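Pasting run.cif here (mmCIF, C-alpha atoms):
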data_upload
#
loop_
_atom_site.label_atom_id
_atom_site.label_comp_id
_atom_site.auth_asym_id
_atom_site.auth_seq_id
_atom_site.Cartn_x
_atom_site.Cartn_y
_atom_site.Cartn_z
CA MET A 1 110.39 -236.47 -67.93
CA TRP A 2 110.04 -235.51 -71.59
CA PRO A 3 112.12 -238.44 -72.90
CA LEU A 4 109.77 -240.85 -71.06
CA VAL A 5 106.71 -239.17 -72.59
CA LEU A 6 108.26 -239.36 -76.05
CA VAL A 7 109.01 -243.06 -75.57
CA LEU A 8 105.41 -243.72 -74.55
CA LEU A 9 104.06 -241.78 -77.53
CA TRP A 10 106.40 -243.59 -79.90
CA SER A 11 105.36 -247.00 -78.47
CA CYS A 12 101.70 -246.08 -78.98
CA LEU A 13 102.45 -245.18 -82.59
CA LEU A 14 104.19 -248.52 -83.12
CA PHE A 15 101.36 -250.43 -81.43
CA PRO A 16 97.98 -248.98 -82.47
CA GLY A 17 96.13 -250.72 -79.64
CA CYS A 18 98.09 -248.94 -76.92
CA GLY A 19 95.60 -247.92 -74.21
CA ALA A 20 92.61 -248.84 -76.40
CA LEU A 21 91.05 -250.86 -73.55
CA VAL A 22 91.73 -250.31 -69.85
CA GLY A 23 90.31 -251.42 -66.53
CA PRO A 24 91.21 -252.77 -63.07
CA LYS A 25 93.96 -255.37 -62.86
CA GLU A 26 92.45 -257.13 -59.85
CA ILE A 27 89.05 -257.56 -58.17
CA SER A 28 88.07 -259.65 -55.17
CA GLY A 29 85.15 -260.83 -53.08
CA PHE A 30 83.90 -263.50 -50.70
CA GLU A 31 81.93 -266.61 -51.52
CA GLY A 32 78.37 -265.69 -52.44
CA ASP A 33 79.20 -262.04 -53.15
CA THR A 34 78.38 -260.03 -56.27
CA VAL A 35 81.22 -257.98 -57.75
CA SER A 36 81.39 -255.67 -60.74
CA LEU A 37 84.07 -254.01 -62.82
CA GLN A 38 84.14 -251.48 -65.63
CA CYS A 39 86.18 -251.73 -68.82
CA THR A 40 86.76 -248.49 -70.71
CA TYR A 41 87.49 -248.51 -74.45
CA ARG A 42 88.41 -245.90 -77.04
CA GLU A 43 86.14 -244.27 -79.60
CA GLU A 44 87.30 -246.44 -82.53
CA LEU A 45 86.04 -249.55 -80.69
CA ARG A 46 82.52 -248.23 -80.12
CA LYS A 47 80.83 -250.51 -82.68
CA HIS A 48 82.94 -253.62 -82.08
CA LYS A 49 81.76 -256.68 -80.18
CA LYS A 50 82.72 -256.79 -76.50
CA TYR A 51 83.18 -259.95 -74.46
CA TRP A 52 84.31 -261.44 -71.13
CA CYS A 53 86.04 -264.82 -70.82
CA LYS A 54 88.23 -266.87 -68.51
CA GLU A 55 91.89 -267.43 -69.39
CA SER A 56 92.89 -271.02 -70.09
CA GLY A 57 95.92 -272.76 -71.55
CA PHE A 58 99.46 -273.12 -70.20
CA ILE A 59 101.70 -271.86 -72.99
CA ILE A 60 99.28 -269.94 -75.21
CA SER A 61 96.48 -268.02 -73.50
CA ARG A 62 93.03 -268.58 -74.88
CA CYS A 63 89.44 -267.88 -73.86
CA SER A 64 86.92 -270.24 -72.34
CA SER A 65 83.32 -269.69 -71.19
CA THR A 66 83.07 -266.55 -73.34
CA VAL A 67 80.10 -264.22 -72.77
CA TYR A 68 79.34 -261.50 -75.36
CA ALA A 69 77.63 -258.20 -74.69
CA GLY A 70 74.45 -257.29 -76.54
CA ASP A 71 74.44 -254.79 -79.42
CA ASP A 72 71.43 -252.84 -78.15
CA GLY A 73 73.05 -251.56 -74.97
CA GLN A 74 70.85 -253.78 -72.79
CA GLU A 75 72.30 -256.00 -70.08
CA ARG A 76 72.87 -259.57 -71.25
CA THR A 77 73.13 -262.41 -68.73
CA GLU A 78 74.51 -265.91 -69.14
CA GLY A 79 74.55 -267.99 -66.00
CA ARG A 80 76.03 -265.84 -63.22
CA VAL A 81 77.74 -263.35 -65.57
CA SER A 82 76.12 -260.19 -66.89
CA LEU A 83 77.54 -257.75 -69.49
CA GLN A 84 76.26 -254.33 -70.47
CA ASP A 85 77.86 -252.22 -73.19
CA ASN A 86 77.36 -248.47 -72.96
CA PRO A 87 78.57 -246.92 -76.26
CA GLN A 88 77.68 -243.41 -75.10
CA GLU A 89 80.12 -243.61 -72.17
CA LEU A 90 82.50 -246.02 -73.95
CA THR A 91 82.31 -248.49 -71.04
CA LEU A 92 81.58 -252.19 -70.61
CA LYS A 93 80.13 -253.22 -67.26
CA VAL A 94 80.81 -256.80 -66.09
CA THR A 95 78.89 -258.25 -63.12
CA LEU A 96 79.74 -261.58 -61.46
CA ARG A 97 77.11 -263.01 -59.08
CA LYS A 98 77.23 -265.65 -56.34
CA LEU A 99 81.00 -266.10 -56.39
CA THR A 100 82.49 -269.52 -55.69
CA LEU A 101 86.05 -270.57 -54.91
CA GLN A 102 86.23 -272.16 -58.37
CA ASP A 103 85.62 -268.75 -59.97
CA ALA A 104 89.04 -267.51 -58.84
CA GLY A 105 91.49 -267.04 -61.69
CA LYS A 106 92.37 -264.69 -64.55
CA TYR A 107 89.88 -263.26 -67.03
CA PHE A 108 89.97 -261.24 -70.23
CA CYS A 109 87.89 -258.14 -70.84
CA GLY A 110 88.11 -257.89 -74.62
CA VAL A 111 86.88 -256.32 -77.84
CA SER A 112 86.68 -258.32 -81.06
CA LYS A 113 88.31 -256.72 -84.09
CA LEU A 114 89.96 -257.65 -87.35
CA GLY A 115 93.36 -259.13 -86.64
CA ARG A 116 94.29 -259.23 -82.99
CA ASP A 117 91.59 -258.47 -80.38
CA GLU A 118 92.01 -255.67 -77.86
CA SER A 119 91.96 -257.07 -74.31
CA PHE A 120 93.45 -256.75 -70.85
CA LEU A 121 93.86 -259.30 -68.06
CA VAL A 122 91.92 -259.14 -64.79
CA SER A 123 92.70 -261.30 -61.72
CA LEU A 124 89.72 -262.41 -59.63
CA LEU A 125 90.36 -263.36 -55.98
CA VAL A 126 87.65 -265.24 -54.07
CA PHE A 127 87.98 -265.65 -50.29
CA PRO A 128 86.18 -268.39 -48.29
CA GLY A 129 82.99 -267.24 -46.62
CA THR A 130 84.32 -268.41 -43.25
CA LEU A 131 86.93 -265.63 -43.35
CA ARG A 132 84.31 -262.90 -43.69
CA PRO A 133 84.63 -260.44 -40.77
CA SER A 134 81.66 -260.47 -38.41
CA THR A 135 81.20 -256.72 -38.93
CA GLN A 136 81.08 -257.14 -42.72
CA PRO A 137 77.72 -255.86 -44.04
CA GLU A 138 75.50 -258.07 -46.14
CA PRO A 139 76.31 -258.11 -49.88
CA ALA A 140 74.60 -255.34 -51.75
CA SER A 141 71.83 -256.18 -54.19
CA THR A 142 72.44 -256.26 -57.92
CA GLU A 143 71.01 -252.77 -58.37
CA ASP A 144 73.25 -251.31 -55.64
CA THR A 145 76.46 -252.96 -56.83
CA PRO A 146 78.97 -250.23 -57.79
CA LEU A 147 80.35 -250.12 -61.31
CA ALA A 148 83.98 -249.92 -60.18
CA PRO A 149 85.08 -252.48 -57.58
CA SER A 150 88.10 -250.55 -56.40
CA ARG A 151 86.58 -249.27 -53.13
CA THR A 152 84.84 -252.49 -52.10
CA SER A 153 87.82 -254.56 -53.22
CA LEU A 154 90.23 -252.63 -51.02
CA SER A 155 87.99 -253.01 -47.97
CA ARG A 156 87.55 -256.72 -48.56
CA VAL A 157 91.20 -257.44 -49.23
CA SER A 158 92.22 -255.89 -45.90
CA ILE A 159 91.19 -258.91 -43.83
CA PRO A 160 92.61 -258.82 -40.26
CA MET A 161 95.61 -261.11 -40.03
CA VAL A 162 94.41 -262.26 -36.60
CA ARG A 163 91.29 -263.81 -38.12
CA ILE A 164 93.40 -265.70 -40.63
CA LEU A 165 95.86 -266.98 -38.00
CA ALA A 166 93.19 -267.78 -35.38
CA PRO A 167 92.61 -271.40 -36.52
CA VAL A 168 96.37 -272.02 -36.56
CA LEU A 169 96.77 -270.63 -33.04
CA VAL A 170 93.87 -272.72 -31.76
CA LEU A 171 95.36 -275.87 -33.30
CA LEU A 172 98.78 -275.17 -31.76
CA SER A 173 97.14 -274.60 -28.36
CA LEU A 174 95.28 -277.91 -28.59
CA LEU A 175 98.47 -279.75 -29.55
CA LEU A 176 100.35 -278.16 -26.63
CA ALA A 177 97.56 -279.07 -24.18
CA ALA A 178 97.50 -282.65 -25.48
CA GLY A 179 101.29 -282.92 -25.08
CA LEU A 180 101.18 -281.62 -21.51
CA ALA A 181 98.36 -284.02 -20.64
CA ALA A 182 100.30 -286.96 -22.06
CA LEU A 183 103.44 -285.94 -20.15
CA GLY A 184 101.51 -285.61 -16.88
CA SER A 185 99.88 -289.01 -17.37
CA TYR A 186 103.28 -290.61 -18.03
CA LEU A 187 104.84 -289.03 -14.90
CA LEU A 188 101.88 -290.12 -12.75
CA ARG A 189 102.07 -293.70 -14.04
CA TRP A 190 105.85 -293.78 -13.46
CA ARG A 191 105.39 -292.55 -9.88
CA LYS A 192 102.78 -295.21 -9.13
CA GLU A 193 105.00 -297.93 -10.56
CA ALA A 194 107.93 -296.71 -8.44
CA GLN A 195 105.77 -296.73 -5.28
CA LEU A 196 104.49 -300.20 -6.09
CA ALA A 197 108.05 -301.50 -6.60
CA THR A 198 109.15 -300.02 -3.24
CA GLU A 199 106.22 -301.59 -1.40
CA THR A 200 106.93 -304.94 -3.06
CA GLN A 201 110.56 -304.85 -1.92
CA ARG A 202 109.50 -304.06 1.65
CA SER A 203 106.98 -306.89 1.67
CA GLU A 204 109.59 -309.32 0.37
CA LYS A 205 112.05 -308.26 3.09
CA VAL A 206 109.45 -308.71 5.85
CA HIS A 207 108.38 -312.08 4.47
CA LEU A 208 112.02 -313.24 4.26
CA SER A 209 112.65 -312.21 7.90
CA HIS A 210 109.64 -314.24 9.05
CA LEU A 211 110.87 -317.25 7.10
CA VAL A 212 114.34 -317.02 8.72
CA ARG A 213 112.88 -316.86 12.23
CA LYS A 214 110.51 -319.72 11.55
CA ALA A 215 113.30 -321.90 10.13
CA ALA A 216 115.56 -321.26 13.19
CA GLY A 217 112.90 -322.60 15.69
CA PRO A 218 113.43 -323.24 19.47
CA SER A 219 116.52 -325.47 18.97
CA SER A 220 118.55 -322.52 17.93
CA ASP A 221 117.68 -320.64 21.10
CA PRO A 222 120.80 -321.10 23.29
CA CYS A 223 119.46 -318.85 25.99
CA GLY A 224 115.81 -319.74 25.86
CA VAL A 225 113.56 -321.49 28.29
CA GLY A 226 115.03 -324.93 27.49
CA HIS A 227 118.60 -323.96 28.50
CA GLN A 228 119.79 -326.47 31.17
CA ASP A 229 123.55 -325.91 31.03
CA SER A 230 125.12 -324.45 34.18
CA ARG A 231 127.55 -322.44 32.05
CA PRO A 232 126.68 -318.86 31.42
CA CYS A 233 124.66 -318.16 28.30
CA LEU A 234 126.28 -315.91 25.76
CA CYS A 235 123.78 -314.22 23.49
CA VAL A 236 125.19 -311.88 21.01
CA SER A 237 122.79 -310.80 18.30
CA LEU A 238 121.28 -314.26 17.94
CA PRO A 239 117.58 -314.93 17.40
CA GLY A 240 115.82 -315.76 20.63
CA CYS A 241 118.19 -313.82 22.95
CA PRO A 242 116.30 -312.19 25.77
#

Whole structure, structure tokens version:
Amino acid sequence: MWPLVLVLLWSCLLFPGCGALVGPKEISGFEGDTVSLQCTYREELRKHKKYWCKESGFIISRCSSTVYAGDDGQERTEGRVSLQDNPQELTLKVTLRKLTLQDAGKYFCGVSKLGRDESFLVSLLVFPGTLRPSTQPEPASTEDTPLAPSRTSLSRVSIPMVRILAPVLVLLSLLLAAGLAALGSYLLRWRKEAQLATETQRSEKVHLSHLVRKAAGPSSDPCGVGHQDSRPCLCVSLPGCP
């Protein structure tokens, strides 16, 4: 244990900004919500300028849409972002209102100083409003928004997996029902076609039999009414045999 402590102390001596600014690594909320977080800084940063900005750039991180806190300790608002520096408590309160899906990303909570600024990275997660649980209470007003988002963030992150998978299950059920309906329609059409073909064959056979009898006529009746020969009439499976 002691070697680890010594390593941490030695790293802080090598890097003067070690632990100079701390805060939550991740916050989250739904569309339209108001979330807050609190950045805590050390005594030597009391009089320095504090700011909040969104990370941009692919290779080298840089700030965009920077908002600076006021020097008088009063809350300063720009757009939907509010900052309030409290030098007595060594804290910087950041409030984000009316969240949108485009707000999701990584942000810097920072302190301007000579040389390299002190800052730490915060990830903001924004969930669609359609995924909000039905039992979720209405978003708290600005005055009731807690300084630290850890408790509300944990409750909001734990979204039931069933609610997330519900649209997928409904879609799969609809696809299955459509497939079964198509299969049933195909089988019914095939059965009707088979019945129609059978009836057609029977009709053709009956029609052919009538044609054969009609073509034979009375002359082919060796044992019919017109038989005048005194010899016995032999009828063996011939048309017209009595």

Rank nothing, just name the residue among A:Gly79, A:Gly110, A:Pro87, A:Gly105 nearest to Ser123 in chain A, using all atoms listed in the file.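 Closest to Ser123 in chain A, using all atoms listed in the file: A:Gly105.
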
Would you kindly return, as a list in words, each protein, DNA or RNA residue with an atom no farther than 12 Å from any atom of Ser61 in chain A, considering all atoms listed in the file and excluding same-chain residues fewer than 3 positions away?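 These residues fall inside the cut-off: Cys53, Lys54, Glu55, Ser56, Gly57, Phe58, Ser64, Lys106, Tyr107, Phe108, Ser119, Phe120 and Leu121 of chain A.
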
May I ask for the distance between CA of Leu187 in chain A and CA of Leu169 in chain A, given in Å to one decimal place?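 Spanning CA of Leu187 in chain A to CA of Leu169 in chain A is a straight-line distance of 27.1 Å.
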
Using all atoms listed in the file, give me every residue within 6 Å of (78.5, -261.7, -65.5) in file coordinates, as a list in words.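 Residues lying no farther than 6 Å from the given point: Arg80, Val81, Ser82, Leu83, Val94, Thr95 and Leu96 of chain A.
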
Under the rule that all atoms listed in the file are counted, which of A:Gln201, A:Ser28, A:Thr66, A:Asn86 is the nearest residue to Cys109 in chain A?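 Answer, going by the shortest atom-to-atom distance: A:Thr66.
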
Which one of A:Leu208, A:Ala20, A:Leu172, A:Leu131 sits closest to Leu45 in chain A if you count all atoms listed in the file? A:Ala20

Report as a PyMOL selection string the full result of the PyMOL selection byres ((chain A and resi 38) around 9) when it is applied to this structure. chain A and resi 22-24+36-37+39-40+91-95+147-149

Nearest residue to Val35 in chain A from the set A:Thr100, A:Thr200, A:Ser185, A:Gln74 (distances using all atoms listed in the file):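 Closest residue, counting all atoms listed in the file: A:Thr100.
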
Quick check, in Å to one decimal: how far apart do CA of Asp71 in chain A and CA of Gly32 in chain A lie?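 CA of Gly32 in chain A lies at a distance of 29.4 Å from CA of Asp71 in chain A.
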